[in-house]
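Next comes coords23.csv, a file with CSV, C-alpha atoms and all ligand atoms.
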chain,number,residue,atom,x,y,z
A,162,MET,CA,92.5,62.6,172.7
A,163,VAL,CA,95.4,65.0,172.6
A,164,THR,CA,93.0,67.9,172.7
A,165,ALA,CA,91.1,66.3,175.6
A,166,MET,CA,94.4,66.0,177.5
A,167,ARG,CA,95.2,69.7,176.8
A,168,GLN,CA,91.8,70.7,178.0
A,169,CYS,CA,92.3,68.5,181.0
A,170,ARG,CA,95.5,70.3,181.9
A,171,PHE,CA,93.8,73.7,181.5
A,172,ALA,CA,90.9,72.6,183.7
A,173,ILE,CA,93.4,71.3,186.4
A,174,LEU,CA,95.1,74.7,186.3
A,175,LEU,CA,91.8,76.5,186.6
A,176,THR,CA,90.6,74.2,189.4
A,177,GLY,CA,94.0,74.7,191.2
A,178,LEU,CA,93.4,78.5,191.1
A,179,LEU,CA,89.9,78.0,192.5
A,180,LEU,CA,91.2,75.8,195.3
A,181,MET,CA,93.5,78.7,196.4
A,182,LEU,CA,90.4,80.9,196.9
A,183,PRO,CA,90.0,80.1,200.6
A,184,VAL,CA,93.5,81.7,201.1
A,185,PHE,CA,92.2,85.0,199.7
A,186,LEU,CA,88.9,84.7,201.4
A,187,ARG,CA,90.6,84.3,204.8
A,188,ALA,CA,93.0,87.3,204.1
A,189,ASP,CA,93.6,89.7,206.9
A,190,ALA,CA,90.2,91.4,207.3
A,191,PRO,CA,91.3,95.1,207.6
A,192,GLN,CA,93.4,94.9,204.5
A,193,SER,CA,91.2,92.8,202.2
A,194,ALA,CA,89.1,93.8,199.2
A,195,LEU,CA,86.8,90.8,200.2
A,196,HIS,CA,85.9,92.5,203.5
A,197,PRO,CA,84.7,95.9,202.3
A,198,ALA,CA,84.3,98.7,204.9
A,199,GLY,CA,83.0,101.4,202.6
A,200,PRO,CA,80.5,101.9,199.7
A,201,ALA,CA,83.1,101.9,196.9
A,202,ALA,CA,84.8,98.8,198.2
A,203,ALA,CA,81.4,97.1,198.6
A,204,GLU,CA,80.6,97.7,195.0
A,205,ILE,CA,84.0,96.3,193.9
A,206,SER,CA,83.5,93.3,196.2
A,207,HIS,CA,80.1,92.5,194.7
A,208,LEU,CA,81.6,92.7,191.2
A,209,ALA,CA,84.4,90.3,192.3
A,210,ARG,CA,82.0,87.8,193.6
A,211,PHE,CA,79.8,88.1,190.5
A,212,VAL,CA,82.9,87.4,188.3
A,213,LEU,CA,83.9,84.5,190.5
A,214,ILE,CA,80.5,82.9,190.1
A,215,LEU,CA,80.7,83.2,186.3
A,216,PHE,CA,84.2,81.7,186.5
A,217,LEU,CA,82.9,78.8,188.5
A,218,ILE,CA,80.1,78.1,186.0
A,219,VAL,CA,82.6,78.1,183.1
A,220,ALA,CA,85.0,75.8,185.0
A,221,ALA,CA,82.1,73.4,185.8
A,222,VAL,CA,80.9,73.3,182.2
A,223,MET,CA,84.5,72.5,181.0
A,224,TRP,CA,84.8,69.7,183.5
A,225,ILE,CA,81.6,68.2,182.4
A,226,LEU,CA,82.6,68.3,178.8
A,227,ILE,CA,86.0,66.8,179.6
A,228,LEU,CA,84.5,64.0,181.7
A,229,LEU,CA,82.0,63.2,178.8
A,230,VAL,CA,84.9,62.8,176.4
A,231,LEU,CA,87.1,60.8,178.8
A,232,THR,CA,84.3,58.4,179.8
A,233,ARG,CA,83.0,57.7,176.3
A,234,PRO,CA,83.3,54.0,175.8
A,235,ARG,CA,86.4,52.9,173.9
A,236,GLY,CA,85.7,52.1,170.3
A,237,SER,CA,82.8,54.4,170.1
A,238,PHE,CA,84.9,56.6,167.8
A,239,ASP,CA,87.7,56.0,165.4
A,240,GLU,CA,90.6,58.4,165.9
A,241,HIS,CA,91.8,57.8,162.4
A,242,ALA,CA,88.4,58.3,160.7
A,243,PRO,CA,87.9,61.4,158.6
A,244,ILE,CA,86.4,64.2,160.7
A,245,HIS,CA,83.1,65.6,159.7
A,246,PHE,CA,83.8,69.1,160.7
A,247,GLU,CA,80.4,70.6,159.9
A,248,ARG,CA,79.0,69.4,163.2
A,249,GLY,CA,81.9,71.0,165.1
A,250,TYR,CA,81.1,74.5,163.8
A,251,SER,CA,78.2,74.9,166.2
A,252,TRP,CA,80.6,74.4,169.1
A,253,ILE,CA,83.0,77.0,167.8
A,254,TRP,CA,80.2,79.5,167.1
A,255,ILE,CA,78.5,79.0,170.5
A,256,GLY,CA,81.4,78.1,172.8
A,257,GLY,CA,84.1,80.2,171.0
A,258,PHE,CA,82.1,83.4,170.2
A,259,ALA,CA,78.6,83.7,171.5
A,260,VAL,CA,79.3,82.6,175.1
A,261,PRO,CA,82.5,84.6,175.6
A,262,ILE,CA,80.9,87.7,174.0
A,263,VAL,CA,77.9,87.5,176.4
A,264,ILE,CA,80.2,86.9,179.5
A,265,LEU,CA,82.8,89.5,178.6
A,266,ALA,CA,80.1,92.1,177.7
A,267,THR,CA,78.3,91.5,181.0
A,268,VAL,CA,81.5,91.8,183.0
A,269,PHE,CA,82.5,95.0,181.1
A,270,VAL,CA,79.1,96.7,181.6
A,271,SER,CA,79.1,95.7,185.3
A,272,GLY,CA,82.6,97.1,185.7
A,273,LEU,CA,81.6,100.4,184.0
A,274,ARG,CA,78.6,100.6,186.3
A,275,ALA,CA,80.7,100.1,189.4
A,276,ASN,CA,83.1,102.8,188.2
A,277,SER,CA,80.4,105.2,187.4
A,278,HIS,CA,79.1,105.2,191.0
A,279,PHE,CA,82.6,106.0,192.3
A,280,PRO,CA,84.6,107.7,189.6
A,281,ILE,CA,88.2,107.7,190.5
A,282,HIS,CA,89.8,109.5,187.6
A,283,ASP,CA,87.7,112.8,187.4
A,284,GLY,CA,88.7,115.4,189.9
A,285,PRO,CA,86.0,116.5,192.3
A,286,ALA,CA,84.2,119.8,191.6
A,287,HIS,CA,85.6,121.3,194.8
A,288,PRO,CA,89.2,121.2,196.1
A,289,ALA,CA,90.5,118.0,197.6
A,290,ASP,CA,90.4,117.4,201.3
A,291,ILE,CA,93.8,115.7,201.4
A,292,ARG,CA,96.8,115.7,199.1
A,293,ILE,CA,99.0,112.6,199.2
A,294,THR,CA,102.5,112.7,197.6
A,295,GLY,CA,104.3,109.4,197.1
A,296,HIS,CA,108.0,109.2,198.0
A,297,GLN,CA,110.4,106.3,197.9
A,298,TRP,CA,109.2,104.9,200.3
A,299,TRP,CA,106.7,106.8,202.4
A,300,TRP,CA,103.5,108.9,202.0
A,301,ASP,CA,103.5,112.7,202.5
A,302,ILE,CA,100.1,113.8,203.6
A,303,GLU,CA,98.7,117.3,203.5
A,304,TYR,CA,95.3,118.3,204.9
A,305,LEU,CA,93.8,121.0,202.8
A,306,SER,CA,90.5,121.8,204.6
A,307,GLY,CA,89.9,125.3,206.1
A,308,GLY,CA,92.0,128.3,205.0
A,309,VAL,CA,95.6,128.0,203.8
A,310,ASN,CA,96.8,129.0,207.3
A,311,GLN,CA,95.0,125.9,208.6
A,312,TYR,CA,96.6,123.4,206.3
A,313,PHE,CA,98.9,120.9,208.0
A,314,ARG,CA,101.2,118.1,207.1
A,315,THR,CA,101.7,114.6,208.4
A,316,ALA,CA,102.9,111.3,207.1
A,317,ASN,CA,101.9,107.7,206.5
A,318,GLU,CA,98.8,107.8,208.7
A,319,ILE,CA,95.6,109.3,207.5
A,320,HIS,CA,92.7,110.1,209.7
A,321,ILE,CA,89.2,110.5,208.2
A,322,PRO,CA,85.8,111.1,209.7
A,323,ALA,CA,83.7,107.8,209.5
A,324,GLY,CA,80.6,108.0,207.3
A,325,ARG,CA,81.8,111.0,205.2
A,326,PRO,CA,83.3,110.9,201.7
A,327,VAL,CA,86.9,112.3,201.6
A,328,ASP,CA,88.4,113.5,198.4
A,329,ILE,CA,92.0,112.8,197.9
A,330,GLU,CA,94.4,114.0,195.2
A,331,LEU,CA,97.5,111.9,194.5
A,332,ASP,CA,100.9,112.9,193.1
A,333,SER,CA,104.4,111.6,193.3
A,334,VAL,CA,107.9,113.2,193.4
A,335,ASP,CA,109.9,110.3,192.1
A,336,VAL,CA,108.5,107.1,190.5
A,337,ILE,CA,105.0,105.7,190.1
A,338,HIS,CA,103.4,104.5,193.3
A,339,SER,CA,99.9,103.2,193.8
A,340,PHE,CA,97.4,104.1,196.6
A,341,TRP,CA,95.5,101.0,197.7
A,342,VAL,CA,93.4,100.6,200.9
A,343,PRO,CA,91.5,97.5,199.8
A,344,ALA,CA,88.8,97.7,202.4
A,345,LEU,CA,87.9,101.2,201.2
A,346,HIS,CA,88.4,101.4,197.4
A,347,GLY,CA,90.4,100.2,194.4
A,348,LYS,CA,93.8,101.3,193.4
A,349,VAL,CA,94.9,104.6,191.9
A,350,ASP,CA,98.4,105.4,190.8
A,351,LEU,CA,100.5,108.3,192.0
A,352,VAL,CA,102.2,109.5,188.8
A,353,PRO,CA,104.9,112.2,188.9
A,354,GLY,CA,103.5,115.3,187.2
A,355,GLN,CA,99.9,114.1,187.0
A,356,VAL,CA,97.3,114.6,189.7
A,357,ASN,CA,94.9,111.7,190.1
A,358,HIS,CA,91.9,111.5,192.4
A,359,ILE,CA,90.1,109.1,194.6
A,360,ARG,CA,87.2,109.4,197.0
A,361,ILE,CA,87.2,107.1,200.0
A,362,GLU,CA,84.6,106.6,202.7
A,363,ALA,CA,84.5,104.3,205.7
A,364,ASP,CA,81.1,103.2,207.0
A,365,GLN,CA,82.3,102.6,210.5
A,366,PRO,CA,85.1,103.9,212.8
A,367,GLY,CA,88.1,101.6,212.5
A,368,THR,CA,91.7,101.1,211.3
A,369,TYR,CA,92.2,100.1,207.7
A,370,SER,CA,95.6,99.3,206.4
A,371,GLY,CA,96.9,99.9,202.9
A,372,GLN,CA,99.9,99.3,200.8
A,373,CYS,CA,101.7,100.8,197.8
A,374,ALA,CA,100.5,98.6,195.0
A,375,GLU,CA,102.9,99.5,192.2
A,376,TYR,CA,106.5,98.2,192.4
A,377,CYS,CA,108.6,101.3,193.2
A,378,GLY,CA,112.0,100.0,194.2
A,379,ALA,CA,113.7,98.0,197.0
A,380,GLN,CA,111.4,99.0,199.8
A,381,HIS,CA,108.1,98.8,197.9
A,382,ALA,CA,106.7,96.2,200.3
A,383,ASN,CA,107.4,98.4,203.3
A,384,MET,CA,105.6,101.4,201.8
A,385,LYS,CA,102.5,100.9,203.9
A,386,LEU,CA,99.8,103.2,205.0
A,387,LEU,CA,97.2,103.4,207.7
A,388,VAL,CA,93.7,104.9,207.4
A,389,ILE,CA,92.0,105.6,210.7
A,390,ALA,CA,88.3,106.4,210.5
A,391,ASP,CA,87.3,108.3,213.6
A,392,ARG,CA,83.9,109.3,214.9
A,393,PRO,CA,83.4,112.8,213.5
A,394,GLU,CA,83.9,114.6,216.9
A,395,GLU,CA,87.1,112.5,217.5
A,396,PHE,CA,88.3,113.4,214.0
A,397,GLU,CA,87.8,117.2,214.7
A,398,ARG,CA,89.8,116.8,217.9
A,399,TRP,CA,92.6,115.0,216.1
A,400,GLU,CA,92.6,117.7,213.3
A,401,GLU,CA,92.7,120.5,215.8
A,402,ASN,CA,95.7,118.9,217.6
A,403,GLN,CA,97.5,118.3,214.3
A,404,ARG,CA,97.1,122.0,213.4
A,405,GLN,CA,99.0,123.1,216.4
A,406,ASP,CA,102.8,123.6,216.4
A,407,SER,CA,104.8,120.9,218.2
A,408,ARG,CA,104.7,120.6,222.0
A,409,GLN,CA,107.6,122.3,223.8
A,410,ALA,CA,110.0,120.0,225.7
A,411,VAL,CA,108.9,120.2,229.4
A,412,ASP,CA,111.8,118.5,231.3
A,413,GLU,CA,115.5,118.5,231.1
A,414,GLN,CA,115.8,115.2,229.2
A,415,GLN,CA,113.3,116.3,226.6
A,416,ARG,CA,115.1,119.6,226.2
A,417,ALA,CA,118.4,117.8,225.8
A,418,GLY,CA,116.7,115.7,223.1
A,419,GLN,CA,115.3,118.8,221.3
A,420,ASP,CA,118.8,120.4,221.4
A,421,LEU,CA,120.3,117.3,219.9
A,422,PHE,CA,117.7,117.1,217.2
A,423,LEU,CA,118.3,120.7,216.2
A,424,SER,CA,122.1,120.5,216.4
A,425,ARG,CA,122.4,117.3,214.2
A,426,PRO,CA,121.4,117.2,210.6
A,427,CYS,CA,117.9,115.8,211.4
A,428,GLY,CA,116.2,119.2,210.7
A,429,LEU,CA,117.6,119.3,207.1
A,430,CYS,CA,115.2,116.5,206.1
A,431,HIS,CA,112.4,116.7,208.7
A,432,THR,CA,110.1,119.4,209.9
A,433,ILE,CA,109.0,119.9,213.5
A,434,ARG,CA,106.7,122.9,213.3
A,435,GLY,CA,107.5,125.5,216.0
A,436,THR,CA,111.2,124.8,215.8
A,437,LEU,CA,113.9,125.6,213.3
A,438,ALA,CA,113.7,122.1,211.8
A,439,ASN,CA,112.0,122.6,208.4
A,440,GLY,CA,113.3,120.0,206.0
A,441,ARG,CA,110.9,118.6,203.4
A,442,VAL,CA,112.9,115.5,202.3
A,443,GLY,CA,111.5,113.2,205.0
A,444,PRO,CA,108.3,112.8,206.9
A,445,ASP,CA,106.9,115.8,209.0
A,446,LEU,CA,107.6,114.9,212.7
A,447,THR,CA,105.6,117.6,214.4
A,448,HIS,CA,103.2,115.0,215.9
A,449,ILE,CA,105.3,111.9,215.4
A,450,GLY,CA,104.4,110.8,219.0
A,451,SER,CA,100.7,110.5,218.1
A,452,ARG,CA,101.3,108.1,215.2
A,453,GLN,CA,100.8,104.3,215.7
A,454,LYS,CA,103.8,103.2,213.6
A,455,ILE,CA,107.1,104.5,212.2
A,456,ALA,CA,109.1,103.9,209.0
A,457,ALA,CA,106.0,104.0,206.8
A,458,ASN,CA,104.1,101.7,209.1
A,459,MET,CA,106.8,99.1,209.1
A,460,LEU,CA,107.4,99.1,212.9
A,461,PRO,CA,105.2,99.9,216.0
A,462,ASN,CA,106.0,103.4,217.3
A,463,ASP,CA,107.6,102.5,220.7
A,464,ASP,CA,110.8,103.7,222.3
A,465,ALA,CA,112.9,100.7,221.3
A,466,ASN,CA,111.9,100.9,217.6
A,467,LEU,CA,112.4,104.7,217.5
A,468,ALA,CA,115.9,104.3,218.9
A,469,ALA,CA,116.7,101.4,216.5
A,470,TRP,CA,115.3,103.5,213.6
A,471,ILE,CA,117.5,106.5,214.4
A,472,THR,CA,120.7,104.5,214.7
A,473,HIS,CA,120.1,101.6,212.3
A,474,ALA,CA,117.6,102.7,209.7
A,475,GLN,CA,119.8,101.3,206.9
A,476,ALA,CA,119.7,97.8,208.5
A,477,LEU,CA,116.0,98.0,209.0
A,478,LYS,CA,115.1,99.5,205.6
A,479,PRO,CA,118.1,99.3,203.3
A,480,ALA,CA,118.3,102.0,200.6
A,481,SER,CA,115.8,104.3,202.3
A,482,GLU,CA,116.9,107.9,202.5
A,483,MET,CA,117.1,107.8,206.3
A,484,PRO,CA,120.8,107.5,207.2
A,485,ASP,CA,122.2,105.8,210.3
A,486,ILE,CA,122.7,108.5,212.9
A,487,THR,CA,125.2,107.0,215.3
A,488,GLN,CA,127.1,109.9,216.9
A,489,PHE,CA,125.3,109.6,220.2
A,490,ASP,CA,126.0,107.9,223.5
A,491,GLY,CA,123.1,105.9,225.1
A,492,ARG,CA,122.0,108.9,227.3
A,493,GLN,CA,121.7,111.2,224.3
A,494,LEU,CA,119.8,108.6,222.3
A,495,GLN,CA,117.3,108.2,225.2
A,496,ALA,CA,116.9,112.0,225.4
A,497,MET,CA,116.2,112.2,221.6
A,498,VAL,CA,113.6,109.4,221.9
A,499,ALA,CA,112.0,111.1,224.9
A,500,TYR,CA,111.7,114.4,223.0
A,501,LEU,CA,110.2,112.7,219.9
A,502,ARG,CA,107.8,110.6,222.1
A,503,GLN,CA,106.2,113.7,223.6
A,504,LEU,CA,105.5,115.2,220.2
A,505,GLN,CA,101.9,114.2,220.5
A,601,LIG,CU1,105.6,102.9,196.3
A,601,LIG,CU2,105.5,100.7,195.6

Using structure tokens, write down the structure from this file.
Amino acid sequence: MVTAMRQCRFAILLTGLLLMLPVFLRADAPQSALHPAGPAAAEISHLARFVLILFLIVAAVMWILILLVLTRPRGSFDEHAPIHFERGYSWIWIGGFAVPIVILATVFVSGLRANSHFPIHDGPAHPADIRITGHQWWWDIEYLSGGVNQYFRTANEIHIPAGRPVDIELDSVDVIHSFWVPALHGKVDLVPGQVNHIRIEADQPGTYSGQCAEYCGAQHANMKLLVIADRPEEFERWEENQRQDSRQAVDEQQRAGQDLFLSRPCGLCHTIRGTLANGRVGPDLTHIGSRQKIAANMLPNDDANLAAWITHAQALKPASEMPDITQFDGRQLQAMVAYLRQLQ
């Protein structure tokens, strides 16, 4: 009876976990492994569903056995009678060895199969299209297509052409991070001093959000990233624009903003190509105005958030390397925001 109670507890736990499933199934579609948007993620999603079905069958068999024991008429067995264990051996051999071996071997082989279609650890035969470097807590992104003079740098937002595989190499400058865009592929770690690879592909144009998936310090949860799959011609336009140096300030307010940016310490950490700002500690801001979000995709990229980020980064994202820059009056802050806004 004690064993039956123990099994009962285990089955309740298992059933509880299964009842939580709808929560995962209803997860936000653009950031869910259960709503794949590319071939690799589709393979992973099939595997997850297959394992889930196996799991349901095992849970059902356990419940049936427990109910059989619990509903056996009282008196049909004597708890104190000596146990004839020989008959129990077949349960151990079948339920304890044969069935788990078959199930685990099936899952193992299916996992190997899924991985062999979309290898994520071997580097591609040709150079990567994009290099992503993890920082606490943002993503440095370099586009490596074309000649070296065509390389360009951006941050936190990746554009890819829909329907084409994109090879990415991953590295880190500080601690271990993990690249995870659930709708496009599984996770791969960014390990300092070791280059890892992943190949992502989106079937359709769309925006797919991702998340650092390895705990990397205080702002790990706010180390988000955005993958935007464009139609190929849109992607080429985007790429062409990103290769350009920053736009020049056109009116007096923007010029004042640019002067402020260059006279304050901003340029020691940030690059704005085409100006004297060439820091590499923080994100490249050459085309910051074209990005959807700021602060590693924590906040929408609007004027109010930009101003708040410049003056109160430590309140918004404590422990990040962006200091509070407060030595402005309101007019100067507006000028700075106007300058950054036009960096399309
Ligand atoms: Cu980077 Cu967690």

Nearby residues (only C-alpha atoms) at most 12 Å from segment 351-354 of chain A, same-chain spacing under 3 positions excluded, as a PDB file with C-alpha atoms, keeping the file's coordinate frame:
ATOM      1  CA  HIS A 282      89.800 109.500 187.600  1.00  0.00           C
ATOM      2  CA  ARG A 292      96.800 115.700 199.100  1.00  0.00           C
ATOM      3  CA  ILE A 293      99.000 112.600 199.200  1.00  0.00           C
ATOM      4  CA  THR A 294     102.500 112.700 197.600  1.00  0.00           C
ATOM      5  CA  GLY A 295     104.300 109.400 197.100  1.00  0.00           C
ATOM      6  CA  HIS A 296     108.000 109.200 198.000  1.00  0.00           C
ATOM      7  CA  GLN A 297     110.400 106.300 197.900  1.00  0.00           C
ATOM      8  CA  TRP A 300     103.500 108.900 202.000  1.00  0.00           C
ATOM      9  CA  ASP A 301     103.500 112.700 202.500  1.00  0.00           C
ATOM     10  CA  ILE A 329      92.000 112.800 197.900  1.00  0.00           C
ATOM     11  CA  GLU A 330      94.400 114.000 195.200  1.00  0.00           C
ATOM     12  CA  LEU A 331      97.500 111.900 194.500  1.00  0.00           C
ATOM     13  CA  ASP A 332     100.900 112.900 193.100  1.00  0.00           C
ATOM     14  CA  SER A 333     104.400 111.600 193.300  1.00  0.00           C
ATOM     15  CA  VAL A 334     107.900 113.200 193.400  1.00  0.00           C
ATOM     16  CA  ASP A 335     109.900 110.300 192.100  1.00  0.00           C
ATOM     17  CA  VAL A 336     108.500 107.100 190.500  1.00  0.00           C
ATOM     18  CA  ILE A 337     105.000 105.700 190.100  1.00  0.00           C
ATOM     19  CA  HIS A 338     103.400 104.500 193.300  1.00  0.00           C
ATOM     20  CA  SER A 339      99.900 103.200 193.800  1.00  0.00           C
ATOM     21  CA  PHE A 340      97.400 104.100 196.600  1.00  0.00           C
ATOM     22  CA  TRP A 341      95.500 101.000 197.700  1.00  0.00           C
ATOM     23  CA  LYS A 348      93.800 101.300 193.400  1.00  0.00           C
ATOM     24  CA  ASN A 357      94.900 111.700 190.100  1.00  0.00           C
ATOM     25  CA  HIS A 358      91.900 111.500 192.400  1.00  0.00           C
ATOM     26  CA  ILE A 359      90.100 109.100 194.600  1.00  0.00           C
ATOM     27  CA  CYS A 373     101.700 100.800 197.800  1.00  0.00           C
ATOM     28  CA  ALA A 374     100.500  98.600 195.000  1.00  0.00           C
ATOM     29  CA  GLU A 375     102.900  99.500 192.200  1.00  0.00           C
ATOM     30  CA  TYR A 376     106.500  98.200 192.400  1.00  0.00           C
ATOM     31  CA  CYS A 377     108.600 101.300 193.200  1.00  0.00           C
TER      32      CYS A 377
END

request  = Using only C-alpha atoms, determine which residues lie at most 8 Å from segment 400-408 of chain A, disregarding the query and same-chain residues fewer than 6 positions distant; provide the list as a PyMOL selection string.
outcome  = chain A and resi 311-313+433-436+447-448+503-505

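Closest approach to ligand LIG 601 (chain A) from the set A:Pro393, A:Pro461, A:Gly371, A:Pro479 is made by A:Gly371, with distances taken over only C-alpha atoms and all ligand atoms.
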
Once 3 Å is added on each side, what centre and edge lengths in Å to one decimal does the axis-aligned box around all listed atoms of segment 285-298 of chain A have, as AutoDock Vina command-line options?
--center_x 97.3 --center_y 113.1 --center_z 196.5 --size_x 32.2 --size_y 22.4 --size_z 15.8

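Proximity ranking of A:Asp445, A:Asp485, A:Glu204, A:Asp350 relative to ligand LIG 601 (chain A) places A:Asp350 first, based on all atoms listed in the file.
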
Inset, instruction - For Ile319 of chain A, please output as an MDAnalysis selection string all residues within 7 Å (counting only C-alpha atoms; exclusion window: fewer than 3 positions along the same chain). - result: chainID A and resid 387:389

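Minimum atom-to-atom distances from A:Phe211, A:Trp470, A:Phe269, A:Trp298 to ligand LIG 601 (chain A) were compared using all atoms listed in the file, and the lowest value belongs to A:Trp298.
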
I want to know what sits within 10 Å of Asp364 of chain A, based on all atoms listed in the file, with residues of the same chain fewer than 4 positions away left out; could you give that as a PDB file with C-alpha atoms, in the coordinates of the input?
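Contents of around.pdb, freshly written:
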ATOM      1  CA  PRO A 197      84.700  95.900 202.300  1.00  0.00           C
ATOM      2  CA  ALA A 198      84.300  98.700 204.900  1.00  0.00           C
ATOM      3  CA  GLY A 199      83.000 101.400 202.600  1.00  0.00           C
ATOM      4  CA  PRO A 200      80.500 101.900 199.700  1.00  0.00           C
ATOM      5  CA  PRO A 322      85.800 111.100 209.700  1.00  0.00           C
ATOM      6  CA  ALA A 323      83.700 107.800 209.500  1.00  0.00           C
ATOM      7  CA  GLY A 324      80.600 108.000 207.300  1.00  0.00           C
ATOM      8  CA  ARG A 325      81.800 111.000 205.200  1.00  0.00           C
ATOM      9  CA  PRO A 326      83.300 110.900 201.700  1.00  0.00           C
ATOM     10  CA  LEU A 345      87.900 101.200 201.200  1.00  0.00           C
ATOM     11  CA  ALA A 390      88.300 106.400 210.500  1.00  0.00           C
TER      12      ALA A 390
END

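Take the candidates A:Ala379, A:Leu265, A:Leu421, A:Val411 and check each one against ligand LIG 601 (chain A) using only C-alpha atoms and all ligand atoms; the shortest distance goes to A:Ala379.
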
Separating atom CA of Leu501 of chain A from atom CA of His320 of chain A, to the nearest tenth of an Å, is a gap of 20.4 Å

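Proximity ranking of A:Ser424, A:Gln355, A:Thr368, A:Ser481 relative to ligand LIG 601 (chain A) places A:Ser481 first, based on only C-alpha atoms and all ligand atoms.
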
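In this model, the gap between atom CA of Ala316 of chain A and atom CA of Ala410 of chain A comes to 21.7 Å.
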
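Atom to atom, atom CA of Met384 of chain A and atom CA of Lys478 of chain A stand 10.4 Å apart.
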
Residue with the minimum atom-to-atom distance to ligand LIG 601 (chain A), picked from A:Gly378, A:Gly249, A:Gly428, A:Gly367 with all atoms listed in the file counted, is A:Gly378

Check: Within 12 Å of Ser193 of chain A, counting only C-alpha atoms, which residues qualify if same-chain residues fewer than 6 places away don't, as a PyMOL selection string?
Finding: chain A and resi 184-187+199+202-203+205-206+341-347+369-372
